[in-house]
Amino acid sequence: MLKGLDPYLTPELLAALAEMGHGDTLALVDRNYPAYSGGSPVIDLPHTTVADVLTAILTVFPVDAFPHSPVLHMLTDDGTEGPALPSCRAIWNAAEGRTVEDKGIDRHGDDGFYALAQKAYVTVRTGETLPYACYLIPKGVL
């Protein structure tokens, strides 16, 4: 046990976040995301929500501020934003003390969420029940 760390920051998750370099991508996904078929290491946090894990991660993880390095989020099949996005947007903006750019992308295609998530350094799969609660977050610098 360590003082001052959110309990969702497991040793495995802390190690992955520390190993990541500037520009590496973290995939934070809901329970429906096919995490194990993507190829990147998976950290399972099944009894959590995306918002709770995002809040914990952003206590130690800087979001990239390099021009046009937005957080990417999965769009619904009809092209709208998922229901978890407003709370997640508020979390990353508050944690960074600035407006963090975000951009919605389709699930499929060469530049879709699934294709880009396969290149993530690590995938953190939560137990989130809200659909389309999937995000790609680039690591920044301190």
# chains A, B, ... in the order shown; residues from 1 in each chain; ligands from 1
$ select_by_dssp --residues "stretch 20-87 of chain A" --states "alpha helix (DSSP H)" --output "PyMOL selection string"
chain A and resi 50-57+85-87
$ residues_around --residues "A:Ala15" --least-positions-apart "2" --cutoff "12 Å" --atoms "only C-alpha atoms" --output "list in words"
Leu9, Thr10, Pro11, Glu12, Leu13, Leu17, Ala18, Glu19, Met20, Ile43, Ile57, Val60, Phe61, Tyr121 and Val122 of chain A
$ write_last_selection --atoms "C-alpha atoms" --output "compact mmCIF listing (two decimals), in the first residue's frame"
# COMPACT_ATOMS: atom_id res chain seq x y z
CA LEU A 9 -3.83 2.80 -9.67
CA THR A 10 -2.76 -0.82 -9.37
CA PRO A 11 0.95 -1.73 -9.50
CA GLU A 12 0.52 -3.05 -13.04
CA LEU A 13 -1.23 0.13 -14.18
CA LEU A 17 1.89 4.57 -17.16
CA ALA A 18 5.47 5.17 -15.99
CA GLU A 19 6.94 3.20 -18.91
CA MET A 20 5.03 5.22 -21.49
CA ILE A 43 -5.12 -4.25 -17.63
CA ILE A 57 -5.04 7.98 -14.01
CA VAL A 60 -0.27 10.95 -12.41
CA PHE A 61 -0.59 11.04 -16.21
CA TYR A 121 0.87 1.13 -25.48
CA VAL A 122 -1.64 -0.38 -23.05
$ closest_residue --among "A:Ala115, A:Ala51, A:Ile105, A:Val71" --to "A:Gly127" --atoms "only C-alpha atoms"
A:Ala51
$ select_by_dssp --residues "chain A" --states "strand (DSSP E)" --output "list of chain:residue names"
A:Thr25, A:Leu26, A:Ala27, A:Leu28, A:Val29, A:Val42, A:Ile43, A:Asp44, A:Leu45, A:Val71, A:Leu72, A:His73, A:Met74, A:Asp102, A:Lys103, A:Gly104, A:Ile105, A:Val122, A:Thr123, A:Val124, A:Arg125, A:Thr126, A:Tyr135, A:Leu136, A:Ile137, A:Pro138
$ residues_around --residues "A:Tyr8" --least-positions-apart "5" --cutoff "10 Å" --atoms "only C-alpha atoms" --output "list in words"
Leu13, Leu14, Leu45, His47, Thr48, Asp52, Val53, Leu54, Thr55, Ala56 and Ile57 of chain A
$ residues_around --residues "A:Ser69" --least-positions-apart "2" --cutoff "10 Å" --atoms "only C-alpha atoms" --output "JSON, numbers by chain"
{"A": [23, 63, 64, 65, 66, 67, 71, 72, 100, 101, 102, 103, 137, 138, 139, 140]}
$ closest_residue --among "A:Met74, A:Thr49, A:Asp6, A:Val42" --to "A:Phe113" --atoms "only C-alpha atoms"
A:Met74
$ closest_atom_pairs --of "stretch 107-132 of chain A" --to "stretch 24-34 of chain A" --cutoff "9 Å" --atoms "only C-alpha atoms" --output "JSON lines"
{"residue": "A:Tyr114", "atom": "CA", "partner": "A:Pro34", "partner_atom": "CA", "distance": 8.8}
{"residue": "A:Ala117", "atom": "CA", "partner": "A:Ala27", "partner_atom": "CA", "distance": 6.2}
{"residue": "A:Gln118", "atom": "CA", "partner": "A:Ala27", "partner_atom": "CA", "distance": 8.9}
{"residue": "A:Lys119", "atom": "CA", "partner": "A:Thr25", "partner_atom": "CA", "distance": 7.7}
{"residue": "A:Ala120", "atom": "CA", "partner": "A:Thr25", "partner_atom": "CA", "distance": 4.9}
{"residue": "A:Tyr121", "atom": "CA", "partner": "A:Thr25", "partner_atom": "CA", "distance": 5.6}
{"residue": "A:Val122", "atom": "CA", "partner": "A:Leu26", "partner_atom": "CA", "distance": 5.6}
{"residue": "A:Thr123", "atom": "CA", "partner": "A:Ala27", "partner_atom": "CA", "distance": 4.6}
{"residue": "A:Val124", "atom": "CA", "partner": "A:Leu28", "partner_atom": "CA", "distance": 4.9}
{"residue": "A:Arg125", "atom": "CA", "partner": "A:Val29", "partner_atom": "CA", "distance": 5.0}
{"residue": "A:Thr126", "atom": "CA", "partner": "A:Asp30", "partner_atom": "CA", "distance": 5.2}
{"residue": "A:Gly127", "atom": "CA", "partner": "A:Arg31", "partner_atom": "CA", "distance": 4.8}
{"residue": "A:Glu128", "atom": "CA", "partner": "A:Asp30", "partner_atom": "CA", "distance": 4.7}
{"residue": "A:Thr129", "atom": "CA", "partner": "A:Arg31", "partner_atom": "CA", "distance": 6.6}
{"residue": "A:Leu130", "atom": "CA", "partner": "A:Asp30", "partner_atom": "CA", "distance": 7.3}
{"residue": "A:Pro131", "atom": "CA", "partner": "A:Asp30", "partner_atom": "CA", "distance": 7.1}
{"residue": "A:Tyr132", "atom": "CA", "partner": "A:Asp30", "partner_atom": "CA", "distance": 7.2}
$ closest_residue --among "A:Ala133, A:Leu142, A:Leu116, A:Ala35" --to "A:Arg89" --atoms "only C-alpha atoms"
A:Ala133
$ closest_residue --among "A:Leu2, A:Leu75, A:Leu58, A:Val141" --to "A:Ala90" --atoms "only C-alpha atoms"
A:Leu58
$ atom_distance --atom1 "atom CA of A:Ser37" --atom2 "atom CA of A:Gly112"
15.4 Å
$ atom_distance --atom1 "atom CA of A:Gly109" --atom2 "atom CA of A:Gly79"
13.9 Å
$ decode --residues "stretch 14-50 of chain A" --atoms "C-alpha atoms" --output "PDB file, in the first residue's frame"
ATOM      1  CA  LEU A  14       1.319   2.423 -12.497  1.00  0.00           C
ATOM      2  CA  ALA A  15       4.165   0.532 -14.159  1.00  0.00           C
ATOM      3  CA  ALA A  16       2.567   0.848 -17.598  1.00  0.00           C
ATOM      4  CA  LEU A  17       1.892   4.568 -17.156  1.00  0.00           C
ATOM      5  CA  ALA A  18       5.470   5.165 -15.992  1.00  0.00           C
ATOM      6  CA  GLU A  19       6.939   3.204 -18.914  1.00  0.00           C
ATOM      7  CA  MET A  20       5.025   5.224 -21.493  1.00  0.00           C
ATOM      8  CA  GLY A  21       6.845   8.029 -23.269  1.00  0.00           C
ATOM      9  CA  HIS A  22       5.697  11.286 -24.797  1.00  0.00           C
ATOM     10  CA  GLY A  23       3.151  10.576 -27.504  1.00  0.00           C
ATOM     11  CA  ASP A  24       2.450   6.984 -26.462  1.00  0.00           C
ATOM     12  CA  THR A  25      -1.275   6.290 -26.320  1.00  0.00           C
ATOM     13  CA  LEU A  26      -3.383   4.898 -23.505  1.00  0.00           C
ATOM     14  CA  ALA A  27      -6.615   3.149 -24.525  1.00  0.00           C
ATOM     15  CA  LEU A  28      -9.268   3.460 -21.806  1.00  0.00           C
ATOM     16  CA  VAL A  29     -12.284   1.371 -22.737  1.00  0.00           C
ATOM     17  CA  ASP A  30     -15.627   0.050 -21.551  1.00  0.00           C
ATOM     18  CA  ARG A  31     -16.536  -3.557 -20.789  1.00  0.00           C
ATOM     19  CA  ASN A  32     -17.777  -4.251 -24.324  1.00  0.00           C
ATOM     20  CA  TYR A  33     -14.544  -3.330 -26.074  1.00  0.00           C
ATOM     21  CA  PRO A  34     -12.687  -6.348 -27.575  1.00  0.00           C
ATOM     22  CA  ALA A  35      -9.512  -5.555 -25.626  1.00  0.00           C
ATOM     23  CA  TYR A  36      -7.730  -8.887 -25.909  1.00  0.00           C
ATOM     24  CA  SER A  37      -7.940  -9.078 -29.691  1.00  0.00           C
ATOM     25  CA  GLY A  38      -6.142  -5.751 -30.136  1.00  0.00           C
ATOM     26  CA  GLY A  39      -2.584  -6.835 -29.453  1.00  0.00           C
ATOM     27  CA  SER A  40      -1.572  -4.342 -26.765  1.00  0.00           C
ATOM     28  CA  PRO A  41      -1.228  -5.419 -23.117  1.00  0.00           C
ATOM     29  CA  VAL A  42      -4.534  -5.307 -21.221  1.00  0.00           C
ATOM     30  CA  ILE A  43      -5.117  -4.254 -17.630  1.00  0.00           C
ATOM     31  CA  ASP A  44      -8.562  -5.337 -16.464  1.00  0.00           C
ATOM     32  CA  LEU A  45     -10.374  -3.266 -13.853  1.00  0.00           C
ATOM     33  CA  PRO A  46     -13.808  -4.919 -14.078  1.00  0.00           C
ATOM     34  CA  HIS A  47     -15.530  -3.313 -11.083  1.00  0.00           C
ATOM     35  CA  THR A  48     -14.865   0.273 -12.132  1.00  0.00           C
ATOM     36  CA  THR A  49     -16.262   2.978 -14.359  1.00  0.00           C
ATOM     37  CA  VAL A  50     -14.377   4.863 -17.046  1.00  0.00           C
TER      38      VAL A  50
END
